[in-house]
file my_file.txt (compact mmCIF, C-alpha atoms and all ligand atoms)
# COMPACT_ATOMS: atom_id res chain seq x y z
CA MET A 1 229.01 247.15 136.95
CA GLU A 2 225.98 245.52 138.63
CA ILE A 3 223.13 247.93 139.01
CA ASP A 4 220.14 247.39 141.24
CA PHE A 5 217.31 248.75 139.13
CA SER A 6 214.76 248.28 141.90
CA GLU A 7 216.65 250.61 144.25
CA ILE A 8 215.44 254.08 145.13
CA ASN A 9 216.59 255.85 148.29
CA TYR A 10 214.76 258.43 150.35
CA LEU A 11 216.19 261.29 152.41
CA GLN A 12 213.92 263.46 154.55
CA ASN A 13 215.17 266.96 155.42
CA PRO A 14 218.82 265.82 155.22
CA THR A 15 221.38 267.29 157.58
CA ILE A 16 224.44 269.20 156.39
CA LYS A 17 226.46 266.10 157.24
CA GLU A 18 224.33 263.92 154.98
CA LEU A 19 224.64 266.49 152.22
CA HIS A 20 228.45 266.70 152.48
CA ALA A 21 230.44 269.86 151.82
CA GLY A 22 230.48 269.69 148.04
CA TYR A 23 228.12 268.37 145.38
CA GLU A 24 230.72 265.92 144.09
CA GLN A 25 231.11 264.30 147.52
CA PHE A 26 227.34 264.29 147.84
CA LEU A 27 227.02 262.55 144.47
CA LEU A 28 229.56 259.91 145.50
CA SER A 29 227.73 259.33 148.81
CA MET A 30 224.59 258.18 146.95
CA SER A 31 224.37 254.59 145.79
CA GLY A 32 221.48 254.95 143.32
CA PRO A 33 218.47 257.12 142.46
CA THR A 34 217.63 259.33 145.41
CA VAL A 35 214.55 261.25 146.51
CA ILE A 36 215.03 264.19 148.87
CA ASP A 37 211.95 265.54 150.65
CA ILE A 38 212.00 269.00 152.22
CA THR A 39 209.15 270.09 154.44
CA GLY A 40 207.39 273.33 153.51
CA ILE A 41 204.98 275.80 155.15
CA ASP A 42 202.05 274.05 153.49
CA SER A 43 203.09 270.51 154.30
CA LYS A 44 200.23 268.92 152.34
CA LYS A 45 201.36 270.20 148.97
CA TYR A 46 204.37 269.10 146.94
CA ARG A 47 206.42 270.54 144.12
CA VAL A 48 208.74 268.17 142.29
CA ILE A 49 212.14 269.06 140.89
CA ASN A 50 213.62 266.19 138.92
CA THR A 51 217.17 266.11 137.59
CA LEU A 52 220.16 264.06 136.42
CA LEU A 53 218.11 261.71 134.25
CA GLN A 54 221.26 261.87 132.16
CA GLY A 55 224.54 261.57 134.04
CA ASN A 56 226.36 264.27 132.05
CA GLU A 57 223.86 267.03 132.88
CA PRO A 58 224.92 268.30 136.30
CA SER A 59 223.32 271.78 136.68
CA GLY A 60 220.24 270.54 138.54
CA LEU A 61 222.25 268.53 141.07
CA ILE A 62 224.77 271.35 141.58
CA ALA A 63 221.95 273.84 142.11
CA LEU A 64 219.85 271.70 144.44
CA HIS A 65 222.93 270.91 146.53
CA ARG A 66 223.71 274.61 146.77
CA TRP A 67 220.11 275.41 147.68
CA LEU A 68 219.98 272.69 150.36
CA THR A 69 223.29 273.64 151.95
CA THR A 70 222.93 277.43 151.91
CA ARG A 71 219.27 277.96 152.82
CA ASP A 72 218.20 279.20 156.23
CA PRO A 73 216.51 276.11 157.73
CA SER A 74 214.06 278.31 159.64
CA GLN A 75 212.78 279.75 156.33
CA LEU A 76 210.65 276.93 154.96
CA PRO A 77 209.72 276.75 151.28
CA GLN A 78 206.07 277.56 150.53
CA THR A 79 205.21 273.88 149.98
CA ASN A 80 207.06 270.61 150.44
CA ILE A 81 209.68 270.09 147.77
CA ARG A 82 210.60 266.68 146.43
CA PHE A 83 213.92 266.51 144.57
CA ILE A 84 214.57 263.39 142.49
CA ILE A 85 218.08 262.51 141.33
CA GLY A 86 218.06 259.85 138.60
CA SER A 87 221.25 258.54 137.00
CA VAL A 88 223.57 258.58 140.01
CA GLU A 89 225.69 255.62 138.85
CA ALA A 90 226.36 257.06 135.38
CA ALA A 91 227.22 260.50 136.82
CA SER A 92 229.55 258.94 139.43
CA LYS A 93 231.72 257.19 136.86
CA SER A 94 235.11 258.87 136.66
CA PRO A 95 235.51 261.50 135.30
CA LEU A 96 232.33 262.66 137.04
CA PHE A 97 229.40 263.97 134.98
CA THR A 98 230.77 262.84 131.63
CA ARG A 99 228.48 259.90 130.84
CA ARG A 100 224.90 260.24 129.76
CA PHE A 101 224.36 256.61 130.75
CA ILE A 102 226.56 253.63 131.61
CA PRO A 103 227.97 251.91 128.51
CA GLY A 104 225.78 248.95 127.58
CA HIS A 105 222.78 250.61 129.23
CA TYR A 106 220.20 253.04 127.85
CA ASP A 107 219.33 256.69 128.03
CA LEU A 108 216.91 256.83 130.99
CA ASN A 109 215.02 259.71 129.41
CA ARG A 110 214.07 257.50 126.47
CA CYS A 111 212.64 254.72 128.69
CA PHE A 112 209.42 256.30 129.97
CA GLY A 113 205.88 255.27 129.09
CA GLU A 114 204.02 252.03 128.46
CA ALA A 115 203.53 252.62 124.76
CA LYS A 116 207.23 253.04 124.26
CA ILE A 117 207.95 249.85 126.19
CA GLU A 118 205.47 247.85 124.14
CA GLN A 119 206.67 249.36 120.92
CA ILE A 120 210.25 248.17 121.38
CA THR A 121 209.75 245.22 123.64
CA ASN A 122 210.28 242.84 120.76
CA LEU A 123 213.59 244.41 119.93
CA PHE A 124 214.91 244.42 123.48
CA SER A 125 212.92 241.66 125.17
CA HIS A 126 216.06 239.64 125.88
CA ASP A 127 217.99 242.69 127.10
CA THR A 128 217.86 242.87 130.90
CA ASN A 129 219.62 246.24 130.91
CA TYR A 130 216.87 247.74 128.78
CA GLN A 131 214.18 246.28 131.02
CA GLY A 132 216.12 247.58 134.03
CA CYS A 133 216.24 251.11 132.62
CA CYS A 134 212.47 250.99 132.00
CA GLN A 135 211.98 249.75 135.57
CA ARG A 136 213.98 252.67 136.91
CA ALA A 137 212.00 255.09 134.76
CA LYS A 138 208.85 253.66 136.28
CA LEU A 139 210.17 254.10 139.83
CA ILE A 140 210.94 257.74 139.12
CA GLU A 141 207.49 258.26 137.64
CA GLN A 142 205.96 256.64 140.75
CA ALA A 143 208.03 258.87 143.04
CA ILE A 144 206.41 261.83 141.28
CA ARG A 145 202.85 260.49 141.22
CA GLU A 146 202.79 259.36 144.86
CA VAL A 147 202.95 262.98 146.11
CA ASN A 148 200.42 264.36 143.62
CA PRO A 149 202.49 267.53 143.03
CA ASP A 150 201.13 270.90 141.90
CA MET A 151 204.05 271.32 139.47
CA ILE A 152 206.99 269.39 138.03
CA VAL A 153 210.24 270.76 136.64
CA ASP A 154 212.84 268.54 135.00
CA LEU A 155 216.31 270.11 134.84
CA HIS A 156 218.69 269.27 131.99
CA ASN A 157 221.79 270.62 130.22
CA ALA A 158 222.80 270.97 126.60
CA ALA A 159 225.88 269.18 125.24
CA SER A 160 227.22 272.44 123.78
CA PRO A 161 227.12 276.17 124.49
CA SER A 162 223.49 277.27 124.39
CA PRO A 163 221.18 279.83 125.95
CA THR A 164 218.61 278.51 128.46
CA PHE A 165 215.26 277.43 127.08
CA SER A 166 212.28 275.44 128.32
CA ILE A 167 210.15 272.76 126.69
CA SER A 168 206.57 271.75 127.34
CA SER A 169 203.92 269.72 125.60
CA VAL A 170 201.31 272.40 126.32
CA VAL A 171 201.32 276.19 126.51
CA THR A 172 199.26 277.44 129.47
CA THR A 173 199.48 280.35 131.91
CA GLU A 174 201.15 277.99 134.36
CA THR A 175 203.78 276.61 132.02
CA LEU A 176 204.58 280.13 130.78
CA SER A 177 204.92 281.34 134.38
CA LEU A 178 207.12 278.42 135.34
CA ALA A 179 209.28 278.94 132.25
CA SER A 180 209.73 282.60 133.20
CA PHE A 181 211.46 281.51 136.42
CA PHE A 182 214.30 280.18 134.29
CA CYS A 183 214.32 281.75 130.83
CA GLN A 184 212.52 283.63 128.09
CA THR A 185 211.86 280.89 125.56
CA LEU A 186 209.30 278.09 125.74
CA ILE A 187 209.35 275.43 123.05
CA LEU A 188 206.12 273.59 122.41
CA SER A 189 207.05 270.01 121.57
CA ASP A 190 204.96 267.03 120.58
CA LEU A 191 207.83 264.63 120.02
CA HIS A 192 207.43 261.04 121.19
CA LEU A 193 210.81 259.82 122.29
CA GLY A 194 209.94 258.08 125.57
CA SER A 195 210.91 261.04 127.76
CA LEU A 196 209.48 261.85 131.19
CA MET A 197 207.95 265.05 129.85
CA GLU A 198 205.64 263.13 127.51
CA GLN A 199 203.90 261.31 130.36
CA LYS A 200 200.52 262.59 131.52
CA PHE A 201 200.55 264.31 134.88
CA SER A 202 197.68 266.32 136.31
CA CYS A 203 199.81 269.43 136.88
CA PRO A 204 202.04 271.75 134.85
CA PHE A 205 205.29 270.12 133.70
CA ILE A 206 208.22 271.81 132.04
CA THR A 207 211.67 270.69 131.05
CA ILE A 208 214.46 273.23 131.39
CA GLU A 209 217.57 273.04 129.25
CA CYS A 210 219.69 275.15 131.59
CA GLY A 211 222.50 275.70 129.06
CA TYR A 212 225.87 274.05 128.49
CA SER A 213 226.76 271.44 131.11
CA LEU A 214 230.17 273.05 131.75
CA ASP A 215 228.84 276.61 131.95
CA GLU A 216 228.70 278.16 135.43
CA GLN A 217 225.83 280.31 134.17
CA ALA A 218 223.72 277.18 133.58
CA HIS A 219 224.13 276.16 137.25
CA GLU A 220 223.23 279.72 138.24
CA VAL A 221 220.01 279.57 136.17
CA ALA A 222 219.03 276.29 137.83
CA PHE A 223 219.71 277.69 141.33
CA ALA A 224 217.71 280.87 140.74
CA GLY A 225 214.82 278.79 139.40
CA ILE A 226 214.78 276.46 142.42
CA ASN A 227 214.81 279.49 144.72
CA HIS A 228 211.89 280.94 142.85
CA ILE A 229 209.88 277.74 143.02
CA ALA A 230 210.57 277.41 146.75
CA ASN A 231 209.40 280.96 147.49
CA CYS A 232 206.48 281.25 145.11
CA GLU A 233 203.14 281.13 146.94
CA ASN A 234 200.83 279.98 144.21
CA ILE A 235 202.02 278.72 140.83
CA GLY A 236 198.55 279.12 139.31
CA TYR A 237 198.28 282.86 139.90
CA ILE A 238 201.75 284.16 139.37
CA HIS A 239 202.37 286.61 136.60
CA GLN A 240 205.25 286.05 134.25
CA GLU A 241 208.54 287.32 135.59
CA LYS A 242 209.63 288.20 132.07
CA ASN A 243 208.09 287.87 128.66
CA VAL A 244 208.34 284.35 127.36
CA GLU A 245 208.48 283.73 123.64
CA VAL A 246 206.76 280.56 122.44
CA ILE A 247 208.37 278.50 119.67
CA TYR A 248 206.09 275.99 118.00
CA ARG A 249 207.15 272.43 117.28
CA PRO A 250 210.74 272.50 116.08
CA LEU A 251 211.76 269.66 113.77
CA ARG A 252 214.80 267.42 114.16
CA LEU A 253 217.41 267.58 111.44
CA ARG A 254 219.04 264.16 111.08
CA VAL A 255 221.54 262.46 108.82
CA LYS A 256 220.14 259.33 107.21
CA ASP A 257 221.33 255.92 108.41
CA ASN A 258 224.89 255.02 107.45
CA VAL A 259 225.71 258.53 106.29
CA ASN A 260 229.07 259.82 107.52
CA LEU A 261 229.08 262.97 109.68
CA ALA A 262 232.10 265.25 110.05
CA TYR A 263 232.91 268.73 111.33
CA ALA A 264 235.33 271.09 109.58
CA LYS A 265 236.21 274.74 109.10
CA HIS A 266 236.40 274.41 105.32
CA ASP A 267 235.24 271.96 102.70
CA GLU A 268 237.52 268.97 103.13
CA GLY A 269 235.72 266.77 100.62
CA TYR A 270 234.54 264.27 103.24
CA SER A 271 231.80 261.82 102.35
CA GLY A 272 228.30 262.37 103.70
CA VAL A 273 227.59 265.55 105.64
CA THR A 274 230.13 268.01 107.05
CA LEU A 275 228.94 270.71 109.43
CA LYS A 276 230.91 273.87 110.22
CA THR A 277 232.89 273.51 113.46
CA ASP A 278 231.26 276.66 114.78
CA ILE A 279 227.75 275.26 114.28
CA GLU A 280 227.07 275.88 118.00
CA TYR A 281 227.04 279.65 117.41
CA PHE A 282 223.72 279.19 115.65
CA ASN A 283 222.15 278.24 119.01
CA PHE A 284 222.40 281.91 119.92
CA GLY A 285 221.55 283.88 116.81
CA GLY A 286 219.97 281.35 114.45
CA THR A 287 220.83 281.25 110.77
CA HIS A 288 219.99 283.55 107.89
CA GLN A 289 218.49 282.82 104.54
CA GLU A 290 221.25 281.73 102.11
CA GLU A 291 223.65 281.10 104.97
CA LEU A 292 226.20 278.30 104.56
CA ILE A 293 226.21 275.82 107.47
CA GLY A 294 228.25 272.94 105.99
CA TRP A 295 229.06 270.79 102.96
CA LEU A 296 227.59 267.74 101.24
CA ASP A 297 229.05 264.95 99.12
CA GLY A 298 227.66 263.93 95.72
CA ASN A 299 224.40 262.70 97.27
CA GLY A 300 223.61 266.31 98.19
CA ILE A 301 220.60 267.11 100.32
CA ASP A 302 219.57 263.45 100.12
CA ASN A 303 222.00 262.73 102.97
CA LEU A 304 219.65 264.53 105.36
CA GLN A 305 216.10 264.15 106.61
CA LEU A 306 213.70 266.46 108.40
CA PHE A 307 210.30 264.99 109.21
CA ASP A 308 207.31 267.16 110.02
CA LYS A 309 204.64 266.06 112.48
CA HIS A 310 202.86 264.08 109.76
CA GLY A 311 206.02 262.11 109.05
CA LYS A 312 206.63 263.89 105.74
CA ASP A 313 210.22 264.72 104.85
CA VAL A 314 210.31 268.52 104.45
CA ILE A 315 214.08 268.91 104.13
CA ASP A 316 213.75 270.80 100.82
CA ASP A 317 211.59 273.46 102.47
CA TYR A 318 214.37 274.33 104.91
CA PHE A 319 217.72 273.59 103.24
CA TYR A 320 219.19 273.18 99.79
CA ALA A 321 222.48 272.30 98.13
CA ARG A 322 224.32 275.15 96.40
CA ASP A 323 226.88 273.10 94.51
CA ASN A 324 228.27 271.09 97.42
CA GLN A 325 227.36 273.64 100.09
CA LEU A 326 224.60 273.05 102.61
CA VAL A 327 222.58 276.27 102.70
CA CYS A 328 219.52 277.52 104.62
CA ARG A 329 216.47 278.39 102.57
CA HIS A 330 215.06 280.73 105.24
CA ASN A 331 215.96 282.53 108.43
CA LEU A 332 215.94 279.70 110.97
CA ARG A 333 215.96 279.33 114.74
CA VAL A 334 218.33 276.60 115.85
CA PHE A 335 218.41 274.68 119.15
CA LYS A 336 220.82 272.08 120.52
CA ALA A 337 223.30 272.29 117.68
CA THR A 338 226.42 270.48 118.85
CA THR A 339 229.83 269.33 117.68
CA ASN A 340 229.45 266.25 119.88
CA LYS A 341 229.20 263.73 117.07
CA GLN A 342 227.72 260.98 119.22
CA VAL A 343 224.87 263.22 120.39
CA ALA A 344 224.35 264.51 116.86
CA LEU A 345 224.08 261.00 115.44
CA ASN A 346 222.00 259.51 118.27
CA ASP A 347 219.59 262.41 118.68
CA CYS A 348 219.83 264.91 115.85
CA LEU A 349 222.16 267.51 114.32
CA PHE A 350 219.91 270.20 115.76
CA TYR A 351 216.30 271.26 116.23
CA VAL A 352 215.10 273.82 113.76
CA VAL A 353 212.10 276.09 113.27
CA ARG A 354 211.28 278.79 110.74
CA HIS A 355 211.95 282.23 112.19
CA SER A 356 208.48 283.54 111.50
CA ASN A 357 207.03 281.17 114.15
CA ASN A 358 204.86 279.66 111.45
CA GLU A 359 203.32 276.42 112.53
CA SER A 360 204.42 274.60 109.44
ZN ZN B 401 218.95 265.88 129.12

call {"tool": "encode", "arguments": {"input": "my_file.txt", "output": "structure tokens", "more": "lines below"}}
Ligand SMILES: [Zn+2]
result
Amino acid sequence: MEIDFSEINYLQNPTIKELHAGYEQFLLSMSGPTVIDITGIDSKKYRVINTLLQGNEPSGLIALHRWLTTRDPSQLPQTNIRFIIGSVEAASKSPLFTRRFIPGHYDLNRCFGEAKIEQITNLFSHDTNYQGCCQRAKLIEQAIREVNPDMIVDLHNAASPSPTFSISSVVTTETLSLASFFCQTLILSDLHLGSLMEQKFSCPFITIECGYSLDEQAHEVAFAGINHIANCENIGYIHQEKNVEVIYRPLRLRVKDNVNLAYAKHDEGYSGVTLKTDIEYFNFGGTHQEELIGWLDGNGIDNLQLFDKHGKDVIDDYFYARDNQLVCRHNLRVFKATTNKQVALNDCLFYVVRHSNNES
């Protein structure tokens, strides 16, 4: 599939006809990344809602389509709103919303930022698809910067059942308030993966993980949040809708290179690491000290790695091997645990933080 990486389309106050009856038809009507501008009461200010950086995360698109097609056009949002829809081609591949990116291409939300580009340029310098993905990331970043917004929200989904949570690189009154429009958990993250969130903007920015991509509730969360943003007079002075708990710097649990990963209900004696098939439950309640979460082969805990922010492997502080069982050393909070093996191997098994909120 030929992709034009320099393409970005603009729609201004689209009509119902342009929006089509359903979000799937609307998706298929777009040929590439699309910016939708909606005029607000204060037409000098913008708020940006970005979504679909990854084609298998539909809640943002579903919610913005619902908001655009059900709103009363005489009731303007408080400010202009700019929606940005990123990976249209990947999402449009049949079956819809099942591909994070097009095979042979790259995860768009790992292609942001100059440093990142320089860092891996040598590796990918001959790869036009990689350069194309970085070019698209740049176009999206430009589409945000050119309107100098007073806030940015980036809507995502989890690959597995999960409650909604938000992520930011700073904790301020504004990011806490924005988070409270969607959920009750804000994760402070200082990871450097080449995501949009890591770029420096002169306004509050939060990422929302709306919940599981197939969960109606996740779409509902995204819709309610968009509504809130549209109707909120001043982001800087709002009080929190609900209490928001802050979680500091979760770490990414990974299997080491070339280690086999499996999922099972019981110990099947597989090589490498085996996680329990119900690992996703831990997204809701976390794990307890001494709790069994899987099994290990003869290499034990050495199959896994967990780097802290200084790059030190702290796996032994969080997990240990009890015979061949993988066991938690403490009560742990767990995020983004999934049985999607590809996601688990490419990103991580899950994000983890000690329950006490210790900044360790
Ligand atoms: Zn995502």

call {"tool": "closest_residue", "arguments": {"input": "my_file.txt", "among": "A:Thr39, A:Asn13, A:Ser59, A:Ser87", "to": "Ala158 (chain A)", "atoms": "all atoms listed in the file"}}
result
A:Ser59

call {"tool": "closest_residue", "arguments": {"input": "my_file.txt", "among": "A:Asn56, A:Asn109, A:Asn346, A:Asn129", "to": "Pro95 (chain A)", "atoms": "all atoms listed in the file"}}
result
A:Asn56

call {"tool": "residues_near_ligand", "arguments": {"input": "my_file.txt", "ligand": "ligand ZN 401 (chain B)", "cutoff": "8 Å", "atoms": "only C-alpha atoms and all ligand atoms", "output": "ChimeraX atom specification"}}
result
/A:52-54,57,109,155-158,209

call {"tool": "write_last_selection", "arguments": {"input": "my_file.txt", "atoms": "C-alpha atoms", "output": "tab-separated table (two decimals), in the coordinates of the input"}}
result
chain	number	residue	atom	x	y	z
A	52	LEU	CA	220.16	264.06	136.42
A	53	LEU	CA	218.11	261.71	134.25
A	54	GLN	CA	221.26	261.87	132.16
A	57	GLU	CA	223.86	267.03	132.88
A	109	ASN	CA	215.02	259.71	129.41
A	155	LEU	CA	216.31	270.11	134.84
A	156	HIS	CA	218.69	269.27	131.99
A	157	ASN	CA	221.79	270.62	130.22
A	158	ALA	CA	222.80	270.97	126.60
A	209	GLU	CA	217.57	273.04	129.25

call {"tool": "atom_distance", "arguments": {"input": "my_file.txt", "atom1": "CA of Thr70 (chain A)", "atom2": "CA of Ser29 (chain A)"}}
result
19.0 Å

call {"tool": "residues_around", "arguments": {"input": "my_file.txt", "residues": "region 222-232 of chain A", "least_positions_apart": "5", "cutoff": "7 Å", "atoms": "all atoms listed in the file", "output": "ChimeraX atom specification"}}
result
/A:59-60,63-64,67,77-78,181-182,210

call {"tool": "closest_residue", "arguments": {"input": "my_file.txt", "among": "A:Asp317, A:Glu220, A:Glu280, A:Asp302", "to": "Asp257 (chain A)", "atoms": "all atoms listed in the file"}}
result
A:Asp302

call {"tool": "residues_near_point", "arguments": {"input": "my_file.txt", "point": "(221.4, 280.8, 104.8)", "cutoff": "9 Å", "atoms": "all atoms listed in the file", "output": "list in words"}}
result
Thr287, His288, Gln289, Glu290, Glu291, Leu292, Ile293, Phe319, Leu326, Val327, Cys328, Arg329, His330, Asn331 and Leu332 of chain A

call {"tool": "closest_residue", "arguments": {"input": "my_file.txt", "among": "A:Ser189, A:Thr207, A:Asn258, A:Ser74", "to": "Tyr351 (chain A)", "atoms": "all atoms listed in the file"}}
result
A:Ser189

call {"tool": "residues_around", "arguments": {"input": "my_file.txt", "residues": "Asn260 (chain A)", "least_positions_apart": "6", "cutoff": "8 Å", "atoms": "only C-alpha atoms", "output": "PyMOL selection string"}}
result
chain A and resi 271-273

call {"tool": "closest_residue", "arguments": {"input": "my_file.txt", "among": "A:Leu306, A:Ile41, A:Ala179, A:Ala344", "to": "Pro250 (chain A)", "atoms": "all atoms listed in the file"}}
result
A:Leu306

call {"tool": "residues_around", "arguments": {"input": "my_file.txt", "residues": "Gly286 (chain A)", "least_positions_apart": "4", "cutoff": "10 Å", "atoms": "only C-alpha atoms", "output": "JSON, numbers by chain"}}
result
{"A": [279, 280, 281, 282, 331, 332, 333, 334, 335, 352, 353, 354, 355]}

call {"tool": "decode", "arguments": {"input": "my_file.txt", "residues": "region 264-284 of chain A", "atoms": "N, CA and C atoms", "output": "PDB file, in the first residue's frame"}}
result
ATOM      1  N   ALA A 264      -0.625 -19.243  30.292  1.00  0.00           N
ATOM      2  CA  ALA A 264      -1.237 -20.527  30.645  1.00  0.00           C
ATOM      3  C   ALA A 264      -1.998 -20.405  31.965  1.00  0.00           C
ATOM      4  N   LYS A 265      -2.896 -21.371  32.172  1.00  0.00           N
ATOM      5  CA  LYS A 265      -3.648 -21.389  33.436  1.00  0.00           C
ATOM      6  C   LYS A 265      -2.848 -22.073  34.537  1.00  0.00           C
ATOM      7  N   HIS A 266      -2.022 -23.040  34.114  1.00  0.00           N
ATOM      8  CA  HIS A 266      -1.217 -23.813  35.069  1.00  0.00           C
ATOM      9  C   HIS A 266       0.205 -23.863  34.553  1.00  0.00           C
ATOM     10  N   ASP A 267       1.096 -24.378  35.360  1.00  0.00           N
ATOM     11  CA  ASP A 267       2.481 -24.528  34.925  1.00  0.00           C
ATOM     12  C   ASP A 267       2.561 -25.621  33.868  1.00  0.00           C
ATOM     13  N   GLU A 268       2.902 -25.249  32.670  1.00  0.00           N
ATOM     14  CA  GLU A 268       2.985 -26.213  31.568  1.00  0.00           C
ATOM     15  C   GLU A 268       4.434 -26.583  31.254  1.00  0.00           C
ATOM     16  N   GLY A 269       5.361 -26.029  32.005  1.00  0.00           N
ATOM     17  CA  GLY A 269       6.774 -26.340  31.781  1.00  0.00           C
ATOM     18  C   GLY A 269       7.363 -25.704  30.530  1.00  0.00           C
ATOM     19  N   TYR A 270       6.754 -24.616  30.071  1.00  0.00           N
ATOM     20  CA  TYR A 270       7.293 -23.929  28.892  1.00  0.00           C
ATOM     21  C   TYR A 270       8.632 -23.292  29.221  1.00  0.00           C
ATOM     22  N   SER A 271       9.427 -23.049  28.168  1.00  0.00           N
ATOM     23  CA  SER A 271      10.692 -22.345  28.394  1.00  0.00           C
ATOM     24  C   SER A 271      10.416 -20.851  28.558  1.00  0.00           C
ATOM     25  N   GLY A 272      11.350 -20.159  29.179  1.00  0.00           N
ATOM     26  CA  GLY A 272      11.216 -18.713  29.350  1.00  0.00           C
ATOM     27  C   GLY A 272      10.227 -18.357  30.439  1.00  0.00           C
ATOM     28  N   VAL A 273       9.338 -17.402  30.097  1.00  0.00           N
ATOM     29  CA  VAL A 273       8.386 -16.871  31.073  1.00  0.00           C
ATOM     30  C   VAL A 273       6.967 -17.239  30.664  1.00  0.00           C
ATOM     31  N   THR A 274       6.180 -17.715  31.609  1.00  0.00           N
ATOM     32  CA  THR A 274       4.760 -17.974  31.372  1.00  0.00           C
ATOM     33  C   THR A 274       3.957 -17.109  32.342  1.00  0.00           C
ATOM     34  N   LEU A 275       3.054 -16.293  31.798  1.00  0.00           N
ATOM     35  CA  LEU A 275       2.182 -15.509  32.664  1.00  0.00           C
ATOM     36  C   LEU A 275       0.824 -16.180  32.765  1.00  0.00           C
ATOM     37  N   LYS A 276       0.132 -15.968  33.888  1.00  0.00           N
ATOM     38  CA  LYS A 276      -1.222 -16.506  34.028  1.00  0.00           C
ATOM     39  C   LYS A 276      -2.132 -15.886  32.967  1.00  0.00           C
ATOM     40  N   THR A 277      -3.049 -16.688  32.434  1.00  0.00           N
ATOM     41  CA  THR A 277      -3.940 -16.176  31.378  1.00  0.00           C
ATOM     42  C   THR A 277      -4.860 -15.072  31.890  1.00  0.00           C
ATOM     43  N   ASP A 278      -5.062 -15.031  33.207  1.00  0.00           N
ATOM     44  CA  ASP A 278      -5.935 -13.965  33.724  1.00  0.00           C
ATOM     45  C   ASP A 278      -5.125 -12.767  34.245  1.00  0.00           C
ATOM     46  N   ILE A 279      -3.943 -12.584  33.686  1.00  0.00           N
ATOM     47  CA  ILE A 279      -3.046 -11.499  34.122  1.00  0.00           C
ATOM     48  C   ILE A 279      -3.735 -10.122  34.032  1.00  0.00           C
ATOM     49  N   GLU A 280      -4.702 -10.002  33.105  1.00  0.00           N
ATOM     50  CA  GLU A 280      -5.387  -8.714  32.910  1.00  0.00           C
ATOM     51  C   GLU A 280      -6.191  -8.281  34.135  1.00  0.00           C
ATOM     52  N   TYR A 281      -6.622  -9.262  34.957  1.00  0.00           N
ATOM     53  CA  TYR A 281      -7.368  -8.906  36.172  1.00  0.00           C
ATOM     54  C   TYR A 281      -6.562  -7.973  37.059  1.00  0.00           C
ATOM     55  N   PHE A 282      -5.231  -8.110  36.993  1.00  0.00           N
ATOM     56  CA  PHE A 282      -4.397  -7.304  37.884  1.00  0.00           C
ATOM     57  C   PHE A 282      -4.442  -5.820  37.526  1.00  0.00           C
ATOM     58  N   ASN A 283      -4.921  -5.485  36.316  1.00  0.00           N
ATOM     59  CA  ASN A 283      -5.100  -4.077  35.956  1.00  0.00           C
ATOM     60  C   ASN A 283      -6.111  -3.395  36.874  1.00  0.00           C
ATOM     61  N   PHE A 284      -7.012  -4.183  37.429  1.00  0.00           N
ATOM     62  CA  PHE A 284      -8.072  -3.605  38.255  1.00  0.00           C
ATOM     63  C   PHE A 284      -7.707  -3.569  39.731  1.00  0.00           C
TER      64      PHE A 284
END
